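Undergrad: TSV, C-alpha atoms and all ligand atoms, saved as coords19.tsv, coming up:
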```
chain	number	residue	atom	x	y	z
A	1	MET	CA	-0.32	57.28	-130.57
A	2	SER	CA	0.27	53.61	-131.26
A	3	GLU	CA	-1.33	50.82	-129.26
A	4	GLU	CA	2.17	49.75	-128.17
A	5	THR	CA	2.94	53.21	-126.78
A	6	GLN	CA	-0.39	53.25	-124.99
A	7	SER	CA	0.33	49.92	-123.31
A	8	HIS	CA	3.28	51.51	-121.48
A	9	ARG	CA	1.20	54.33	-120.11
A	10	PRO	CA	0.38	54.43	-116.40
A	11	PRO	CA	-3.10	53.17	-115.55
A	12	ILE	CA	-5.96	55.62	-115.37
A	13	ALA	CA	-6.52	56.40	-111.69
A	14	ARG	CA	-8.94	59.33	-111.68
A	15	VAL	CA	-11.69	60.18	-114.16
A	16	LEU	CA	-13.97	63.21	-114.14
A	17	VAL	CA	-17.23	62.89	-116.06
A	18	VAL	CA	-18.87	66.26	-116.81
A	19	MET	CA	-22.38	66.15	-118.28
A	20	ALA	CA	-25.23	68.61	-118.76
A	21	HIS	CA	-28.11	66.61	-117.24
A	22	PRO	CA	-28.82	63.78	-114.85
A	23	ASP	CA	-28.87	60.58	-117.01
A	24	ASP	CA	-26.46	61.90	-119.70
A	25	ALA	CA	-23.52	60.04	-118.17
A	26	GLU	CA	-25.36	56.72	-118.13
A	27	PHE	CA	-26.39	57.09	-121.76
A	28	SER	CA	-22.97	58.34	-122.94
A	29	CYS	CA	-20.55	56.25	-120.98
A	30	GLY	CA	-22.28	54.11	-118.33
A	31	GLY	CA	-20.54	50.94	-119.49
A	32	VAL	CA	-17.13	52.56	-119.59
A	33	VAL	CA	-17.61	54.12	-116.17
A	34	LYS	CA	-18.39	50.70	-114.71
A	35	GLN	CA	-15.36	49.24	-116.47
A	36	LEU	CA	-13.10	51.99	-115.07
A	37	THR	CA	-14.36	51.70	-111.50
A	38	SER	CA	-14.06	47.89	-111.68
A	39	GLN	CA	-10.42	48.36	-112.69
A	40	GLY	CA	-9.83	50.48	-109.60
A	41	ALA	CA	-10.21	53.99	-110.98
A	42	THR	CA	-12.02	56.67	-108.99
A	43	VAL	CA	-14.71	58.26	-111.09
A	44	VAL	CA	-16.40	61.52	-110.08
A	45	TYR	CA	-19.44	63.00	-111.82
A	46	VAL	CA	-20.23	66.65	-112.37
A	47	VAL	CA	-23.82	67.31	-113.45
A	48	LEU	CA	-24.10	70.90	-114.58
A	49	THR	CA	-27.89	71.45	-114.53
A	50	GLY	CA	-30.64	70.22	-112.27
A	51	GLY	CA	-32.51	68.63	-115.16
A	52	ASP	CA	-35.40	70.88	-114.21
A	53	LYS	CA	-37.08	70.77	-117.64
A	54	GLY	CA	-37.23	66.98	-117.77
A	55	ASN	CA	-40.93	66.70	-116.96
A	56	HIS	CA	-44.36	66.75	-118.63
A	57	ASP	CA	-46.54	66.75	-115.51
A	58	PRO	CA	-47.78	70.28	-114.60
A	59	SER	CA	-48.35	69.24	-110.98
A	60	VAL	CA	-44.62	68.63	-110.43
A	61	THR	CA	-42.73	71.56	-108.90
A	62	VAL	CA	-39.19	72.45	-109.96
A	63	PRO	CA	-37.64	71.90	-106.49
A	64	ASN	CA	-39.33	68.49	-106.22
A	65	LEU	CA	-38.19	67.52	-109.71
A	66	VAL	CA	-34.61	68.61	-109.10
A	67	GLU	CA	-34.48	66.73	-105.79
A	68	ARG	CA	-35.89	63.62	-107.42
A	69	ARG	CA	-33.45	63.80	-110.30
A	70	MET	CA	-30.52	64.23	-107.92
A	71	GLN	CA	-31.61	61.11	-106.05
A	72	GLU	CA	-31.97	59.19	-109.31
A	73	GLN	CA	-28.53	60.35	-110.46
A	74	ARG	CA	-26.89	59.35	-107.19
A	75	ALA	CA	-28.53	55.91	-107.36
A	76	ALA	CA	-27.42	55.41	-110.98
A	77	ALA	CA	-23.88	56.55	-110.16
A	78	ALA	CA	-23.69	54.18	-107.19
A	79	ILE	CA	-24.58	51.20	-109.41
A	80	LEU	CA	-21.62	52.09	-111.64
A	81	GLY	CA	-19.22	52.49	-108.71
A	82	VAL	CA	-19.29	56.29	-108.61
A	83	GLY	CA	-19.51	57.61	-105.09
A	84	GLU	CA	-19.21	61.35	-105.64
A	85	VAL	CA	-21.55	63.50	-107.72
A	86	HIS	CA	-21.30	67.29	-107.88
A	87	PHE	CA	-24.50	69.07	-108.87
A	88	LEU	CA	-23.73	72.58	-110.05
A	89	GLY	CA	-27.38	73.65	-110.27
A	90	GLU	CA	-27.35	75.57	-113.56
A	91	GLU	CA	-30.77	75.99	-115.19
A	92	ASP	CA	-31.72	73.20	-117.56
A	93	GLY	CA	-32.08	74.43	-121.14
A	94	PHE	CA	-30.10	77.63	-120.61
A	95	LEU	CA	-26.64	76.32	-119.85
A	96	GLN	CA	-23.96	78.81	-120.88
A	97	PRO	CA	-20.17	78.55	-120.67
A	98	THR	CA	-19.84	81.54	-118.37
A	99	ARG	CA	-16.76	82.77	-116.55
A	100	ASP	CA	-18.36	81.71	-113.25
A	101	LEU	CA	-19.03	78.17	-114.49
A	102	ARG	CA	-15.49	77.93	-115.86
A	103	LYS	CA	-14.12	78.84	-112.45
A	104	ARG	CA	-16.31	76.28	-110.68
A	105	LEU	CA	-15.10	73.58	-113.06
A	106	VAL	CA	-11.47	74.66	-112.70
A	107	ARG	CA	-11.87	74.39	-108.92
A	108	ILE	CA	-13.14	70.81	-109.22
A	109	ILE	CA	-10.41	69.86	-111.72
A	110	ARG	CA	-7.67	71.29	-109.53
A	111	GLN	CA	-9.09	69.58	-106.45
A	112	PHE	CA	-9.68	66.13	-107.96
A	113	ARG	CA	-6.77	66.25	-110.45
A	114	PRO	CA	-8.20	63.79	-112.98
A	115	ASP	CA	-6.09	61.85	-115.47
A	116	VAL	CA	-9.03	61.73	-117.88
A	117	VAL	CA	-12.03	63.97	-118.43
A	118	ILE	CA	-15.07	62.59	-120.26
A	119	CYS	CA	-17.46	65.24	-121.56
A	120	GLN	CA	-19.94	66.00	-124.32
A	121	ASN	CA	-18.98	67.01	-127.84
A	122	PRO	CA	-19.19	70.80	-128.19
A	123	GLU	CA	-19.53	70.57	-131.99
A	124	ASN	CA	-22.52	68.29	-132.29
A	125	TYR	CA	-25.65	70.07	-133.56
A	126	PHE	CA	-27.23	66.93	-135.02
A	127	TRP	CA	-27.19	63.26	-134.17
A	128	GLY	CA	-27.91	60.87	-137.01
A	129	ASP	CA	-30.62	62.11	-139.36
A	130	SER	CA	-33.46	62.62	-136.92
A	131	TYR	CA	-32.17	64.34	-133.78
A	132	ILE	CA	-31.26	67.94	-132.96
A	133	ASN	CA	-28.73	67.81	-130.18
A	134	HIS	CA	-29.77	69.53	-126.97
A	135	PRO	CA	-28.00	72.91	-126.68
A	136	ASP	CA	-27.00	72.13	-123.09
A	137	HIS	CA	-25.00	69.13	-124.34
A	138	ARG	CA	-22.95	71.36	-126.65
A	139	ASN	CA	-22.52	74.08	-124.04
A	140	ALA	CA	-21.50	71.52	-121.43
A	141	GLY	CA	-18.75	70.49	-123.83
A	142	VAL	CA	-17.67	74.09	-124.41
A	143	ALA	CA	-17.64	74.90	-120.69
A	144	THR	CA	-15.62	71.80	-119.88
A	145	LEU	CA	-13.07	72.34	-122.62
A	146	GLU	CA	-12.61	75.98	-121.64
A	147	ALA	CA	-12.01	74.91	-118.04
A	148	ILE	CA	-9.51	72.19	-119.03
A	149	PHE	CA	-7.51	74.43	-121.33
A	150	PRO	CA	-6.00	76.77	-120.63
A	151	ALA	CA	-7.52	77.72	-117.27
A	152	ALA	CA	-7.04	74.60	-115.10
A	153	GLY	CA	-3.38	74.23	-116.02
A	154	ASN	CA	-2.37	77.90	-115.94
A	155	LEU	CA	-1.65	79.55	-112.61
A	156	MET	CA	-2.48	82.99	-114.00
A	157	PHE	CA	-6.15	81.98	-114.24
A	158	PHE	CA	-8.17	82.52	-111.07
A	159	PRO	CA	-5.30	83.50	-108.71
A	160	ASP	CA	-7.66	83.23	-105.75
A	161	LEU	CA	-7.86	79.48	-106.39
A	162	LEU	CA	-4.06	79.31	-106.28
A	163	ALA	CA	-4.15	81.29	-103.04
A	164	GLU	CA	-6.45	78.56	-101.66
A	165	GLY	CA	-3.74	76.02	-102.47
A	166	LEU	CA	-5.31	74.71	-105.68
A	167	GLU	CA	-2.30	74.22	-107.91
A	168	PRO	CA	-2.68	74.16	-111.71
A	169	HIS	CA	-3.52	70.77	-113.18
A	170	SER	CA	-3.35	69.48	-116.75
A	171	ILE	CA	-5.22	66.32	-117.68
A	172	ARG	CA	-3.63	63.46	-119.64
A	173	GLU	CA	-6.58	62.58	-121.84
A	174	LEU	CA	-9.91	63.97	-123.02
A	175	TRP	CA	-12.70	61.68	-124.20
A	176	LEU	CA	-15.59	63.34	-126.06
A	177	SER	CA	-18.91	61.52	-126.29
A	178	MET	CA	-21.53	61.91	-129.05
A	179	VAL	CA	-19.01	62.20	-131.89
A	180	ASP	CA	-19.44	61.26	-135.53
A	181	ASP	CA	-15.75	60.38	-135.91
A	182	PRO	CA	-14.81	58.23	-132.90
A	183	ASN	CA	-11.24	56.99	-132.61
A	184	HIS	CA	-11.84	55.03	-129.41
A	185	GLU	CA	-14.53	52.35	-129.24
A	186	ILE	CA	-14.89	50.29	-126.10
A	187	ASP	CA	-16.72	46.99	-126.12
A	188	ILE	CA	-19.28	47.14	-123.30
A	189	THR	CA	-21.22	44.01	-124.23
A	190	ASP	CA	-20.52	42.42	-120.84
A	191	LEU	CA	-21.48	45.69	-119.12
A	192	LEU	CA	-24.70	46.41	-120.99
A	193	ASP	CA	-26.93	44.96	-118.28
A	194	ILE	CA	-25.40	47.16	-115.61
A	195	LYS	CA	-25.53	50.23	-117.88
A	196	ILE	CA	-29.26	49.56	-118.29
A	197	ALA	CA	-29.68	48.94	-114.55
A	198	ALA	CA	-28.16	52.39	-113.96
A	199	LEU	CA	-30.37	53.99	-116.63
A	200	ARG	CA	-33.44	52.42	-115.02
A	201	GLN	CA	-32.76	54.51	-111.90
A	202	HIS	CA	-33.87	57.60	-113.85
A	203	VAL	CA	-37.50	56.64	-113.33
A	204	SER	CA	-38.82	60.19	-113.77
A	205	GLN	CA	-37.47	60.36	-117.32
A	206	PHE	CA	-39.18	57.40	-118.93
A	207	ASP	CA	-42.88	56.62	-119.33
A	208	ASP	CA	-41.96	52.98	-119.85
A	209	LEU	CA	-38.66	51.63	-118.57
A	210	ASP	CA	-38.96	48.47	-120.66
A	211	GLU	CA	-39.37	50.55	-123.83
A	212	MET	CA	-36.28	52.55	-122.88
A	213	GLU	CA	-34.32	49.33	-122.37
A	214	LYS	CA	-35.47	48.00	-125.73
A	215	TRP	CA	-34.40	51.24	-127.41
A	216	VAL	CA	-30.96	51.16	-125.76
A	217	ARG	CA	-30.41	47.54	-126.75
A	218	GLU	CA	-31.28	48.37	-130.38
A	219	ARG	CA	-29.49	51.73	-130.48
A	220	TRP	CA	-26.13	50.44	-129.24
A	221	ALA	CA	-26.10	47.08	-131.03
A	222	LYS	CA	-23.48	46.41	-133.69
A	223	ALA	CA	-22.34	43.32	-135.48
A	224	GLY	CA	-19.07	42.08	-134.00
A	225	PRO	CA	-16.21	40.25	-135.76
A	226	GLU	CA	-18.12	36.94	-135.82
A	227	HIS	CA	-21.35	38.79	-136.76
A	228	GLU	CA	-22.64	38.31	-133.23
A	229	LEU	CA	-24.28	41.32	-131.56
A	230	ARG	CA	-21.86	43.49	-129.62
A	231	TYR	CA	-22.27	46.81	-127.82
A	232	TYR	CA	-19.81	49.69	-127.85
A	233	GLU	CA	-19.44	53.14	-126.36
A	234	SER	CA	-17.54	55.46	-128.68
A	235	PHE	CA	-15.40	58.52	-128.09
A	236	LYS	CA	-13.07	60.94	-129.73
A	237	ARG	CA	-9.98	60.50	-127.57
A	238	LEU	CA	-7.27	63.14	-127.31
A	239	TRP	CA	-3.90	62.54	-125.63
A	240	PHE	CA	-1.82	65.33	-124.11
A	241	ASP	CA	1.23	63.47	-122.81
B	301	ZN	ZN	-29.10	65.50	-121.66
```
Is it possible to give me this structure as structure tokens?
Ligand SMILES: [Zn+2]
TA:
Amino acid sequence: MSEETQSHRPPIARVLVVMAHPDDAEFSCGGVVKQLTSQGATVVYVVLTGGDKGNHDPSVTVPNLVERRMQEQRAAAAILGVGEVHFLGEEDGFLQPTRDLRKRLVRIIRQFRPDVVICQNPENYFWGDSYINHPDHRNAGVATLEAIFPAAGNLMFFPDLLAEGLEPHSIRELWLSMVDDPNHEIDITDLLDIKIAALRQHVSQFDDLDEMEKWVRERWAKAGPEHELRYYESFKRLWFD
């Protein structure tokens, strides 16, 4: 689709961000989320697992960790203008694209009726040359794609949802994060500070918040057109209308 065609498209009003763990959204698309909410879009998060493996302290219990991570995620979301976060409570590390999970995602999609869904790349086993992608990230992508198509838009899937009044819904665009071949790069240089402020809410996940910030500033930096440092969030963007 050409840039000119895109410019005539209606504005994005509703965006659903589906991620495996608390903090994935801030890393993947925190700048873009803030940009979208600042432009008036309503952004809703779905966090599939409780992040219940994100801990190295044996004295921490799973319920306490999950509760803490939910609070951290809500605080991070609020900084980016996201008021609604669904926690689906799947077990961290064992996320599977089950029929039950597909139905729960279809329910949310049919209720919220997003224009755009942002989710994780289901094909990404490796990231760069030194990182094995977490299996939950891939499976979160698979589960989300299988909910979007064909189930959410097809009334023959989950007839009990239709009986509840949840009409089929097809999204306009899909944005995949963590891709090697992005076709949509958004300059978030002016939003980097707020992305980092949101990431800093995930206190339980970092031994040293300043080190995390330093890593993010190095990891996302790119030379811009005038060779100045710029920051981008990148996606593979698919259009369906
Ligand atoms: Zn993650």
Undergrad: With a cut-off of 8 Å, could you pull out the residues of chain A touching ligand ZN 301 (chain B) and give me the nearest pair of atoms for each, distance in Å to one decimal, using only C-alpha atoms and all ligand atoms, ordered by chain and ascending number, as CSV?
TA:
```
residue,atom,partner,partner_atom,distance
A:Met19,CA,B:ZN301,ZN,7.6
A:Ala20,CA,B:ZN301,ZN,5.7
A:His21,CA,B:ZN301,ZN,4.7
A:Pro22,CA,B:ZN301,ZN,7.0
A:Asp23,CA,B:ZN301,ZN,6.8
A:Asp24,CA,B:ZN301,ZN,4.9
A:Gly51,CA,B:ZN301,ZN,8.0
A:His134,CA,B:ZN301,ZN,6.7
A:Asp136,CA,B:ZN301,ZN,7.1
A:His137,CA,B:ZN301,ZN,6.1
```
Undergrad: Find the residues near segment 77-83 of chain A: any atom within 9 Å, counting all atoms listed in the file, skip ones fewer than 3 places away on the same chain, and give them as a PyMOL selection string.
TA: chain A and resi 25-26+30-31+33-38+42-45+72-74+194-195+197-198
Undergrad: For Ala13 of chain A, which of A:Ala151, A:Leu95, A:Tyr131, A:Ile171 is the closest residue, counting only C-alpha atoms?
TA: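 Among A:Ala151, A:Leu95, A:Tyr131, A:Ile171, it is A:Ile171 that comes nearest to Ala13 of chain A.
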Undergrad: Counting all atoms listed in the file, find the residues whose atoms lie at most 10 Å from (-20.5, 73.2, -129.5) (file coordinates) and write them out as number ranges by chain.
TA: A: 120-125, 133, 135-143
Undergrad: Fewer than 2 positions away in the same chain doesn't count, so skip those; otherwise give me all residues within 10 Å of Ile196 of chain A, counting all atoms listed in the file, as a PyMOL selection string.
TA: chain A and resi 26-27+30-31+76+191-194+198-201+209+212-214+216-217
Undergrad: With 6 Å added on each side, what axis-aligned box encloses every listed atom of segment 123-142 of chain A? Give the centre and edge lengths in Å to one decimal, as JSON.
TA:
```
{"center_x": -25.6, "center_y": 67.5, "center_z": -130.4, "size_x": 27.8, "size_y": 25.2, "size_z": 29.9}
```
Undergrad: Go through A:Lys53, A:Arg172, A:Arg219, A:His184 one by one, measure the shortest atom-to-atom distance of each to Val116 of chain A using only C-alpha atoms, and give the residue with the smallest value.
TA: A:Arg172
Undergrad: Neighbours of Ile118 of chain A within 9 Å (all atoms listed in the file; same-chain residues fewer than 5 positions away dropped), as a PyMOL selection string?
TA: chain A and resi 15-19+29+173-177+235
Undergrad: Could you give me, as a count of residues only, the residues within 9 Å of Thr189 of chain A, counting all atoms listed in the file and dropping anything in the same chain fewer than 4 positions from it?
TA: 7
Undergrad: What's the separation between atom CA of Asn55 of chain A and atom CA of His202 of chain A, in Å to one decimal place?
TA: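 According to the coordinates, atom CA of Asn55 of chain A and atom CA of His202 of chain A are separated by 11.9 Å.
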Undergrad: Distance atom CA of Asp52 of chain A-atom CA of Gln111 of chain A, one decimal place?
TA: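 Computing it gives 27.5 Å between the two atoms.
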Undergrad: From the list A:Met70, A:Leu65, A:Ala75, A:Leu48, which residue is nearest Gly89 of chain A when using all atoms listed in the file?
TA: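 Of all the options, A:Leu48 lies closest to Gly89 of chain A.
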Undergrad: Expressed in Å to a single decimal, how great is the separation between atom CA of Gly224 of chain A and atom CA of Trp127 of chain A?
TA: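 For atom CA of Gly224 of chain A relative to atom CA of Trp127 of chain A, the distance reads 22.7 Å.
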